[in-house]
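Here is the file input38.txt (compact mmCIF, C-alpha atoms).
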```txt
# COMPACT_ATOMS: atom_id res chain seq x y z
CA MET A 1 75.97 92.80 112.75
CA THR A 2 76.99 93.33 116.34
CA PRO A 3 79.26 90.83 118.16
CA ARG A 4 76.22 89.72 120.09
CA ASN A 5 74.42 88.82 116.87
CA PHE A 6 77.42 87.12 115.24
CA PRO A 7 76.63 83.41 114.65
CA TRP A 8 79.26 82.04 117.04
CA TYR A 9 77.47 78.71 117.15
CA LEU A 10 78.42 78.18 113.49
CA VAL A 11 82.10 78.87 114.23
CA THR A 12 81.91 76.51 117.20
CA GLY A 13 80.33 73.83 115.03
CA LEU A 14 83.03 74.24 112.38
CA LEU A 15 85.82 73.95 114.95
CA ILE A 16 84.26 70.87 116.53
CA GLY A 17 83.88 69.23 113.12
CA LEU A 18 87.42 70.18 112.10
CA THR A 19 88.90 68.74 115.30
CA VAL A 20 86.97 65.48 115.00
CA GLY A 21 87.94 65.24 111.33
CA LEU A 22 91.66 65.67 112.08
CA VAL A 23 91.56 63.14 114.91
CA ILE A 24 89.83 60.59 112.67
CA ALA A 25 92.20 61.16 109.75
CA TRP A 26 95.47 61.27 111.69
CA VAL A 27 94.80 58.89 114.60
CA VAL A 28 91.79 56.65 114.11
CA ALA A 29 92.03 55.91 110.39
CA PRO A 30 95.27 57.37 109.04
CA VAL A 31 96.34 57.02 105.44
CA GLN A 32 97.49 53.49 104.63
CA TYR A 33 100.15 53.37 101.95
CA MET A 34 100.14 50.34 99.68
CA ASP A 35 102.55 48.98 97.09
CA THR A 36 105.45 50.93 98.52
CA ALA A 37 109.12 50.62 97.59
CA PRO A 38 111.94 49.70 100.01
CA SER A 39 113.22 53.29 99.89
CA GLN A 40 109.98 54.38 101.60
CA LEU A 41 110.36 52.09 104.61
CA ASP A 42 110.90 53.56 108.05
CA THR A 43 114.39 53.46 109.54
CA ALA A 44 113.96 50.24 111.53
CA SER A 45 112.41 48.44 108.56
CA LYS A 46 115.19 49.68 106.29
CA ASP A 47 117.70 48.24 108.76
CA GLN A 48 115.88 44.90 108.65
CA TYR A 49 115.79 44.95 104.83
CA ARG A 50 119.49 45.91 104.67
CA LEU A 51 120.36 43.14 107.09
CA MET A 52 118.55 40.58 104.96
CA ILE A 53 120.42 41.81 101.88
CA ALA A 54 123.72 41.31 103.72
CA MET A 55 122.72 37.91 105.08
CA ALA A 56 121.60 36.79 101.62
CA TYR A 57 124.92 38.02 100.22
CA ALA A 58 126.78 36.04 102.89
CA ALA A 59 124.75 33.00 101.83
CA ASP A 60 125.02 33.22 98.04
CA GLY A 61 128.00 35.54 97.43
CA ASP A 62 126.16 37.36 94.64
CA LEU A 63 127.48 40.91 94.81
CA ASP A 64 125.59 42.13 91.76
CA ARG A 65 122.32 41.01 93.24
CA ALA A 66 123.18 42.53 96.62
CA SER A 67 124.08 45.83 94.92
CA ALA A 68 120.81 45.88 93.02
CA ARG A 69 118.90 45.21 96.22
CA LEU A 70 120.78 47.91 98.13
CA ALA A 71 120.02 50.42 95.39
CA LEU A 72 116.33 49.89 96.12
CA LEU A 73 116.87 51.33 99.61
CA GLY A 74 118.05 54.62 98.11
CA ASP A 75 120.90 55.06 100.61
CA ALA A 76 123.21 57.93 99.80
CA ASP A 77 126.25 55.85 100.77
CA ALA A 78 125.48 52.15 101.03
CA VAL A 79 128.99 51.24 102.21
CA ASP A 80 128.83 53.64 105.15
CA GLN A 81 125.29 52.59 106.01
CA LEU A 82 126.30 48.92 106.14
CA ALA A 83 129.38 49.60 108.26
CA ALA A 84 127.41 51.85 110.61
CA GLN A 85 124.65 49.26 110.98
CA ALA A 86 127.25 46.56 111.73
CA GLN A 87 128.62 48.75 114.52
CA ARG A 88 125.13 49.48 115.87
CA ASN A 89 124.29 45.78 115.78
CA ASP A 90 127.47 44.96 117.68
CA ALA A 91 126.85 47.68 120.24
CA ALA A 92 123.30 46.46 120.78
CA GLY A 93 124.53 42.89 121.35
CA GLY A 94 123.07 41.64 118.07
CA ALA A 95 123.93 38.27 116.56
CA ALA A 96 127.57 37.95 115.54
CA ASP A 97 126.79 36.47 112.13
CA GLU A 98 124.63 39.50 111.34
CA SER A 99 127.42 41.98 112.10
CA ASN A 100 129.77 39.78 110.15
CA ALA A 101 127.47 39.72 107.11
CA LEU A 102 126.98 43.50 107.15
CA SER A 103 130.70 44.02 107.44
CA LEU A 104 131.46 41.56 104.63
CA LEU A 105 129.06 43.23 102.22
CA SER A 106 130.36 46.69 103.11
CA SER A 107 133.92 45.59 102.40
CA ALA A 108 132.97 43.78 99.20
CA LEU A 109 131.22 46.89 97.86
CA LEU A 110 134.20 49.03 98.78
CA ARG A 111 136.56 46.65 97.03
CA GLY A 112 134.27 46.66 93.99
CA ALA A 113 134.24 50.46 93.90
CA VAL A 114 138.02 50.66 94.23
CA ALA A 115 138.47 48.04 91.52
CA ALA A 116 136.09 49.94 89.22
CA ALA A 117 137.94 53.20 89.83
CA THR A 118 141.28 51.51 89.14
CA ALA A 119 139.93 50.00 85.98
CA ALA A 120 138.62 53.38 84.82
CA VAL A 121 141.95 55.05 85.51
CA SER A 122 143.87 52.44 83.57
CA SER A 123 141.40 52.90 80.68
CA THR A 124 140.62 49.21 80.34
CA GLN A 125 137.39 48.19 78.74
CA VAL A 126 136.47 45.78 81.52
CA ALA A 127 133.42 46.85 83.50
CA LEU A 128 133.89 45.44 86.99
CA VAL A 129 130.71 46.86 88.41
CA PRO A 130 127.68 46.13 86.27
CA ASP A 131 125.17 48.86 85.63
CA VAL A 132 122.26 47.85 87.84
CA THR A 133 119.09 49.83 87.47
CA PRO A 134 116.86 49.66 90.51
CA ASN A 135 113.16 49.32 90.09
CA ALA A 136 111.97 52.68 91.36
CA GLY A 137 108.34 52.50 90.43
CA GLN A 138 105.94 55.15 91.45
CA THR A 139 104.16 54.28 94.63
CA GLN A 140 100.44 54.12 94.67
CA ALA A 141 99.06 55.52 97.86
CA ALA A 142 95.51 54.77 98.74
CA LEU A 143 93.27 55.95 101.48
CA THR A 144 91.49 53.37 103.53
CA ALA A 145 88.42 55.49 103.32
CA SER A 146 88.45 55.87 99.56
CA PRO A 147 88.57 53.48 96.62
CA THR A 148 92.07 52.21 95.84
CA PRO A 149 93.27 53.37 92.45
CA ALA A 150 94.51 50.70 90.07
CA PRO A 151 98.31 50.52 90.35
CA THR A 152 100.33 51.69 87.41
CA ALA A 153 102.31 48.95 85.75
CA THR A 154 105.99 49.34 86.57
CA PRO A 155 109.02 47.43 85.40
CA LEU A 156 109.75 44.39 87.53
CA MET A 157 112.97 43.58 89.28
CA THR A 158 115.52 41.72 87.23
CA PHE A 159 118.53 39.89 88.53
CA THR A 160 121.87 38.92 87.13
CA PRO A 161 123.16 35.36 87.02
CA ARG A 162 124.71 33.96 90.18
CA PRO A 163 128.48 33.84 90.52
CA THR A 164 130.12 31.24 92.70
CA PRO A 165 129.82 31.82 96.48
CA LEU A 166 132.47 33.83 98.29
CA PRO A 167 135.14 31.93 100.18
CA GLU A 168 134.84 32.11 103.95
CA PRO A 169 136.97 34.96 105.29
CA THR A 170 138.90 32.74 107.65
CA ALA A 171 139.62 29.98 105.16
CA GLY A 172 143.29 29.05 105.08
CA ALA A 173 145.93 28.69 107.74
CA PRO A 174 145.15 29.93 111.27
CA PHE A 175 145.98 33.55 112.04
CA ALA A 176 149.03 34.23 114.20
CA LEU A 177 150.72 37.31 115.62
CA LYS A 178 153.10 38.87 113.11
CA SER A 179 154.13 42.04 114.94
CA GLN A 180 153.25 44.09 118.00
CA GLN A 181 154.25 47.63 118.86
CA GLN A 182 153.32 50.42 121.25
CA ASP A 183 151.50 53.49 120.02
CA CYS A 184 152.17 56.51 122.24
CA ASP A 185 149.92 58.86 120.29
CA PRO A 186 147.85 60.50 123.09
CA ASP A 187 144.80 60.37 120.81
CA LYS A 188 145.06 56.57 120.75
CA SER A 189 145.42 56.09 124.47
CA LEU A 190 144.20 52.61 125.56
CA LEU A 191 143.28 51.76 121.97
CA LEU A 192 144.11 48.26 120.73
CA GLN A 193 144.43 48.48 116.95
CA VAL A 194 144.43 45.19 115.08
CA GLU A 195 145.27 44.65 111.43
CA VAL A 196 144.38 41.21 110.06
CA GLN A 197 146.08 40.12 106.84
CA ASP A 198 146.12 37.00 104.69
CA ALA A 199 149.30 35.18 103.73
CA ALA A 200 149.89 37.62 100.87
CA GLY A 201 149.63 40.61 103.20
CA HIS A 202 146.21 41.73 101.98
CA PRO A 203 143.73 42.99 104.63
CA VAL A 204 140.98 40.50 105.50
CA PRO A 205 137.54 41.86 106.46
CA GLY A 206 134.89 40.00 108.44
CA VAL A 207 137.29 38.19 110.79
CA ARG A 208 135.97 37.74 114.31
CA ILE A 209 138.46 38.60 117.05
CA ASP A 210 137.75 37.16 120.47
CA VAL A 211 139.12 38.91 123.53
CA ALA A 212 139.22 37.50 127.03
CA TRP A 213 140.43 38.93 130.33
CA ASP A 214 140.09 38.11 133.98
CA GLY A 215 136.35 38.49 134.47
CA GLY A 216 135.08 38.97 130.96
CA THR A 217 135.03 38.21 127.24
CA ASP A 218 134.11 40.20 124.16
CA TYR A 219 134.53 40.05 120.41
CA PHE A 220 134.75 42.43 117.48
CA PHE A 221 135.15 42.22 113.71
CA THR A 222 137.52 43.52 111.11
CA GLY A 223 136.06 45.45 108.20
CA LEU A 224 133.84 47.83 110.16
CA PHE A 225 136.11 50.77 109.32
CA PRO A 226 136.57 50.52 105.56
CA GLU A 227 137.67 54.16 105.54
CA ILE A 228 140.79 53.07 107.50
CA ASP A 229 141.44 49.59 106.15
CA ASP A 230 139.42 46.47 105.31
CA GLY A 231 141.39 44.39 107.79
CA TYR A 232 141.34 46.96 110.59
CA ALA A 233 139.52 46.62 113.89
CA ASP A 234 139.98 48.20 117.28
CA PHE A 235 139.08 47.64 120.90
CA THR A 236 139.35 49.82 124.01
CA LEU A 237 141.62 48.41 126.69
CA GLN A 238 141.33 48.95 130.42
CA PRO A 239 144.48 50.05 132.29
CA GLN A 240 146.39 47.34 134.11
CA VAL A 241 144.31 44.51 132.65
CA ASN A 242 145.90 41.56 130.84
CA TYR A 243 144.06 40.36 127.76
CA SER A 244 144.22 37.28 125.59
CA LEU A 245 143.20 37.57 121.99
CA ARG A 246 142.47 35.23 119.09
CA ALA A 247 141.61 36.02 115.47
CA GLY A 248 139.37 33.71 113.48
CA GLU A 249 138.55 30.05 113.99
CA GLY A 250 141.51 28.15 115.38
CA GLY A 251 143.82 31.17 115.38
CA GLU A 252 146.81 31.45 117.68
CA THR A 253 145.96 32.70 121.17
CA ILE A 254 147.96 35.84 121.85
CA ASN A 255 148.49 36.35 125.56
CA ASN A 256 149.69 39.19 127.78
CA ILE A 257 148.15 42.01 125.81
CA SER A 258 147.95 45.11 127.98
CA ALA A 259 148.06 48.87 127.59
CA PRO A 260 151.67 50.16 127.74
CA GLN A 261 152.79 53.14 129.81
CA CYS A 262 154.07 56.11 127.81
CA THR A 263 155.77 59.28 129.01
CA ASP A 264 155.28 62.73 127.51
CA LYS A 265 157.91 65.49 127.22
CA THR A 266 157.16 66.80 130.70
CA GLY A 267 157.77 63.37 132.23
CA THR A 268 154.10 62.65 132.88
CA ASN A 269 153.05 59.04 132.44
CA TYR A 270 149.94 58.09 130.50
CA TRP A 271 148.43 54.92 129.03
CA GLY A 272 149.36 54.33 125.43
CA GLY A 273 147.83 52.11 122.76
CA LEU A 274 148.95 48.94 120.99
CA GLU A 275 149.19 48.00 117.34
CA LEU A 276 149.01 44.31 116.42
CA VAL A 277 149.42 42.80 113.00
CA ILE A 278 147.92 39.34 112.76
CA SER A 279 148.37 37.33 109.61
CA GLN A 280 148.25 33.89 108.08
CA PRO A 281 151.68 32.29 107.77
CA MET B 1 64.16 79.77 114.82
CA ARG B 2 65.77 77.50 117.42
CA ARG B 3 65.28 74.45 115.20
CA ARG B 4 66.91 76.26 112.28
CA ARG B 5 69.93 77.15 114.44
CA ILE B 6 70.35 73.48 115.38
CA VAL B 7 70.27 72.45 111.72
CA TYR B 8 72.90 75.08 110.85
CA PHE B 9 75.01 74.00 113.82
CA VAL B 10 74.97 70.36 112.63
CA LEU B 11 75.77 71.48 109.09
CA ALA B 12 78.72 73.49 110.42
CA ILE B 13 80.04 70.41 112.26
CA LEU B 14 79.73 68.30 109.09
CA LEU B 15 81.49 70.99 107.06
CA GLY B 16 84.33 71.12 109.60
CA LEU B 17 84.53 67.32 109.64
CA GLY B 18 84.81 67.21 105.86
CA ALA B 19 87.45 69.94 105.85
CA GLY B 20 89.47 68.11 108.54
CA LEU B 21 89.35 64.78 106.69
CA PHE B 22 90.25 66.38 103.38
CA TYR B 23 93.19 68.23 104.90
CA ALA B 24 94.62 65.25 106.80
CA TRP B 25 94.03 62.61 104.12
CA MET B 26 94.66 64.55 100.94
CA ILE B 27 96.67 67.68 101.66
CA ASN B 28 98.85 66.71 104.59
CA PRO B 29 98.96 62.91 104.99
CA PRO B 30 101.77 61.19 106.96
CA ALA B 31 105.01 61.39 105.02
CA LEU B 32 106.17 58.47 102.92
CA GLY B 33 109.27 57.08 104.55
CA SER B 34 107.41 55.74 107.52
CA THR B 35 106.04 52.57 105.98
CA THR B 36 106.65 48.99 107.07
CA PRO B 37 107.54 45.86 105.04
CA ASP B 38 103.96 44.59 104.97
CA THR B 39 103.07 47.50 102.65
CA LEU B 40 105.76 46.64 100.10
CA ARG B 41 104.75 46.03 96.52
CA LYS B 42 104.33 42.39 95.51
CA ASP B 43 107.67 42.03 93.70
CA TYR B 44 109.62 43.57 96.58
CA LYS B 45 107.84 41.31 99.07
CA THR B 46 108.68 38.30 96.93
CA ASP B 47 112.33 39.32 96.82
CA TYR B 48 112.37 39.77 100.60
CA VAL B 49 110.99 36.24 101.04
CA LEU B 50 113.63 34.99 98.60
CA MET B 51 116.33 36.60 100.77
CA VAL B 52 114.92 34.83 103.83
CA ALA B 53 114.90 31.55 101.88
CA GLU B 54 118.49 32.05 100.69
CA VAL B 55 119.65 32.60 104.26
CA TYR B 56 117.61 29.62 105.48
CA GLN B 57 119.26 27.44 102.85
CA LYS B 58 122.62 28.23 104.45
CA GLU B 59 121.86 28.27 108.16
CA HIS B 60 118.85 25.91 108.40
CA ASP B 61 117.39 27.86 111.30
CA LEU B 62 113.62 27.77 110.87
CA GLY B 63 113.03 29.91 113.96
CA ARG B 64 115.03 32.78 112.52
CA ALA B 65 113.36 32.41 109.13
CA ASP B 66 110.01 32.49 110.87
CA SER B 67 110.79 35.72 112.74
CA ARG B 68 112.17 37.33 109.57
CA LEU B 69 108.96 36.51 107.72
CA ALA B 70 106.89 37.88 110.60
CA VAL B 71 107.63 41.48 109.52
CA LEU B 72 105.34 40.87 106.54
CA LYS B 73 102.48 40.51 109.03
CA SER B 74 100.74 37.63 107.34
CA SER B 75 98.55 35.15 109.18
CA SER B 76 101.15 32.40 108.67
CA PRO B 77 104.76 32.26 107.45
CA LEU B 78 103.91 29.30 105.23
CA ARG B 79 101.24 31.36 103.51
CA VAL B 80 103.77 34.15 102.92
CA VAL B 81 106.18 31.74 101.25
CA GLN B 82 103.45 30.08 99.20
CA ASP B 83 102.28 33.49 97.96
CA ALA B 84 105.88 34.38 97.16
CA ILE B 85 106.28 31.19 95.10
CA LEU B 86 103.20 32.04 93.05
CA ASP B 87 104.37 35.63 92.56
CA ALA B 88 107.90 34.48 91.72
CA SER B 89 106.45 32.24 89.05
CA ASP B 90 104.49 35.16 87.59
CA LEU B 91 107.57 37.39 87.75
CA GLY B 92 109.74 34.87 85.92
CA TYR B 93 112.20 34.01 88.69
CA SER B 94 114.90 31.49 87.82
CA GLN B 95 114.51 27.78 88.58
CA THR B 96 117.23 28.11 91.24
CA ASP B 97 115.31 30.83 93.08
CA MET B 98 112.07 28.87 92.80
CA SER B 99 113.79 25.84 94.32
CA THR B 100 115.16 27.97 97.15
CA LEU B 101 111.68 29.27 97.95
CA ALA B 102 110.21 25.79 97.67
CA ALA B 103 112.77 24.40 100.13
CA LEU B 104 111.71 26.95 102.72
CA ALA B 105 108.02 26.19 102.11
CA VAL B 106 108.65 22.47 102.57
CA ALA B 107 110.58 23.09 105.78
CA LEU B 108 107.76 25.24 107.16
CA GLN B 109 105.19 22.66 106.14
CA ASN B 110 107.15 19.84 107.78
CA SER B 111 107.44 21.87 110.96
CA GLY B 112 103.66 21.89 111.23
CA GLY B 113 102.94 25.29 109.71
CA THR B 114 99.49 25.82 108.30
CA PRO B 115 98.71 28.13 105.41
```
Exercise: express the given structure as structure tokens:
Amino acid sequence: MTPRNFPWYLVTGLLIGLTVGLVIAWVVAPVQYMDTAPSQLDTASKDQYRLMIAMAYAADGDLDRASARLALLGDADAVDQLAAQAQRNDAAGGAADESNALSLLSSALLRGAVAAATAAVSSTQVALVPDVTPNAGQTQAALTASPTPAPTATPLMTFTPRPTPLPEPTAGAPFALKSQQQDCDPDKSLLLQVEVQDAAGHPVPGVRIDVAWDGGTDYFFTGLFPEIDDGYADFTLQPQVNYSLRAGEGGETINNISAPQCTDKTGTNYWGGLELVISQP
Amino acid sequence: MRRRRIVYFVLAILLGLGAGLFYAWMINPPALGSTTPDTLRKDYKTDYVLMVAEVYQKEHDLGRADSRLAVLKSSSPLRVVQDAILDASDLGYSQTDMSTLAALAVALQNSGGTP
């Protein structure tokens, strides 16, 4: 068969058909998945699901239930994911109660993990974190263009009884300034580091800290950096700007907060940071 | 001869079409991990609605509850909650959870929602 006699029209037909087939299957009528699990959601939907878990936890205080729900998302590190989402939500100007809820759940899980580890080390028989088995049923995918297979029966979600709701993080006496000191670590230049504690000196997560200065206001929350401390929060100061700050509802207003000037060994001045400890009396 | 070539040409297109559909639907479909809440299995959807109802019970903000239910892409939020109540009953949810769902359904109904 010479090239001239080769049936090119058949090859052309195949290519046309193949192209049309791919366009139909990938663009016009792509595969529709049904009966999926939360772990198979896209990133934005997972964020929405995670947010609802945190908001529900803030509403009912049921940590076991929140843990079971988070397990469904299949996150490698749920605590980090919650803290990171709280920071993203803050940065994007999201609702304050949403960031607060994400931060609260992150801190509660961290505390639960630490308590469980402590309990294990001390060889007590008390299980502080219940063994929650997520419902990871097999997903049934079905094509829109083909008959949907009957879904396989999978175990259904089960929940544990409800404990009493969590106390509000700011319950108790108003927060007031306990101590203030300069931090001349060049790595923490212009960084306002706040540590919020309860009356017993324990860090308190989820406390809103309002900041005001001439020409602006902002707020941030404790508990977004559980790797540092549950009661820790920070804020970047501007040079030569005076700030006022208040922690929690009805807390003491702390005035005249500004970045201090530090001097290095060569006599060069630079802006340092500040460390505040705010606590309940 | 010409007519036979046209028939073969059409057959080649159909063969290519079939091969393209088979490849894109069966061999290389879009990866799981890109789905949205409206595709969730019934029990997960019901639990999502329960979360919305739990939050509503605390904050009493029907607008926010409405927008949170919208991700399930149903024709009406009231219908979503009513379906969730039926599914929750089948799934053996506790009386407390059923009451929480019912409270949201009543609020949606009173606000003028239609199933």
Taking 2 positions as the minimum chain separation for residues in the same chain, which residues sit within 8 Å of Ser99 of chain A when counting only C-alpha atoms? Answer as a tab-separated table (two decimals) with C-alpha atoms, in the frame of the given file.
```tsv
chain	number	residue	atom	x	y	z
A	85	GLN	CA	124.65	49.26	110.98
A	86	ALA	CA	127.25	46.56	111.73
A	87	GLN	CA	128.62	48.75	114.52
A	89	ASN	CA	124.29	45.78	115.78
A	90	ASP	CA	127.47	44.96	117.68
A	94	GLY	CA	123.07	41.64	118.07
A	95	ALA	CA	123.93	38.27	116.56
A	96	ALA	CA	127.57	37.95	115.54
A	97	ASP	CA	126.79	36.47	112.13
A	101	ALA	CA	127.47	39.72	107.11
A	102	LEU	CA	126.98	43.50	107.15
A	103	SER	CA	130.70	44.02	107.44
A	221	PHE	CA	135.15	42.22	113.71
```
Open item on the list: Give me, as a PyMOL selection string, the residues of chain A touching chain B, with the criterion being at most 7 Å (counting all atoms listed in the file).
Closed with: chain A and resi 9-10+13-22+25-26+31+33-38+40-42+45+52-53+55-56+59+156
Open item on the list: Report, in Å to a single decimal, how far apart atom CA of Val79 of chain A and atom CA of Gly112 of chain A are.
Closed with: 10.8 Å
- [ ] Please provide as number ranges by chain all residues within 6 Å of segment 202-219 of chain A, with the sequence filter that same-chain residues fewer than 5 positions apart are discarded (counting all atoms listed in the file).
- [x] A: 100, 103-104, 196-197, 230-231, 243-248
Would you output that residue set with C-alpha atoms, as a PDB file, in the coordinates of the input?
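Now in result.pdb:
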```pdb
ATOM      1  CA  ASN A 100     129.770  39.780 110.150  1.00  0.00           C
ATOM      2  CA  SER A 103     130.700  44.020 107.440  1.00  0.00           C
ATOM      3  CA  LEU A 104     131.460  41.560 104.630  1.00  0.00           C
ATOM      4  CA  VAL A 196     144.380  41.210 110.060  1.00  0.00           C
ATOM      5  CA  GLN A 197     146.080  40.120 106.840  1.00  0.00           C
ATOM      6  CA  ASP A 230     139.420  46.470 105.310  1.00  0.00           C
ATOM      7  CA  GLY A 231     141.390  44.390 107.790  1.00  0.00           C
ATOM      8  CA  TYR A 243     144.060  40.360 127.760  1.00  0.00           C
ATOM      9  CA  SER A 244     144.220  37.280 125.590  1.00  0.00           C
ATOM     10  CA  LEU A 245     143.200  37.570 121.990  1.00  0.00           C
ATOM     11  CA  ARG A 246     142.470  35.230 119.090  1.00  0.00           C
ATOM     12  CA  ALA A 247     141.610  36.020 115.470  1.00  0.00           C
ATOM     13  CA  GLY A 248     139.370  33.710 113.480  1.00  0.00           C
TER      14      GLY A 248
END
```
Within 10 Å of Ala103 of chain B, counting only C-alpha atoms, which residues show up once you throw out same-chain ones fewer than 2 positions away? Write them as a compact mmCIF listing (two decimals) with C-alpha atoms, in the coordinates of the input, please.
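Final output, saved to selection10.txt:
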```
# COMPACT_ATOMS: atom_id res chain seq x y z
CA ALA B 53 114.90 31.55 101.88
CA GLU B 54 118.49 32.05 100.69
CA TYR B 56 117.61 29.62 105.48
CA GLN B 57 119.26 27.44 102.85
CA VAL B 81 106.18 31.74 101.25
CA ASP B 97 115.31 30.83 93.08
CA MET B 98 112.07 28.87 92.80
CA SER B 99 113.79 25.84 94.32
CA THR B 100 115.16 27.97 97.15
CA LEU B 101 111.68 29.27 97.95
CA ALA B 105 108.02 26.19 102.11
CA VAL B 106 108.65 22.47 102.57
CA ALA B 107 110.58 23.09 105.78
CA LEU B 108 107.76 25.24 107.16
CA GLN B 109 105.19 22.66 106.14
```
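Interatomic distance, atom CA of Arg88 of chain A to atom CA of Ala76 of chain A: 18.3 Å.
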- [ ] Considering all atoms listed in the file, state which residue in the set A:Ala66, A:Ala71, A:Val27, A:Ala92 is at the smallest distance from Leu105 of chain A.
- [x] A:Ala66
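Put simply, atom CA of Ile254 of chain A is 7.0 Å away from atom CA of Leu177 of chain A.
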Task: Shell of 9 Å around segment 178-188 of chain A, all atoms listed in the file, local chain residues under 2 positions omitted, as a ChimeraX atom specification - done: /A:175-176,190-193,259-264,270-281
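The smallest atom-to-atom distance between Asp80 of chain A and any of A:Val28, A:Ala173, A:Leu63, A:Leu109, using all atoms listed in the file, is found for A:Leu109.
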Open item on the list: Report as JSON, numbers by chain all protein, DNA and RNA residues lying within 8 Å of Ile85 of chain B, evaluated on all atoms listed in the file, omitting residues in the same chain fewer than 2 positions from it.
Closed with: {"B": [46, 81, 82, 83, 87, 88, 89, 98, 101, 102]}
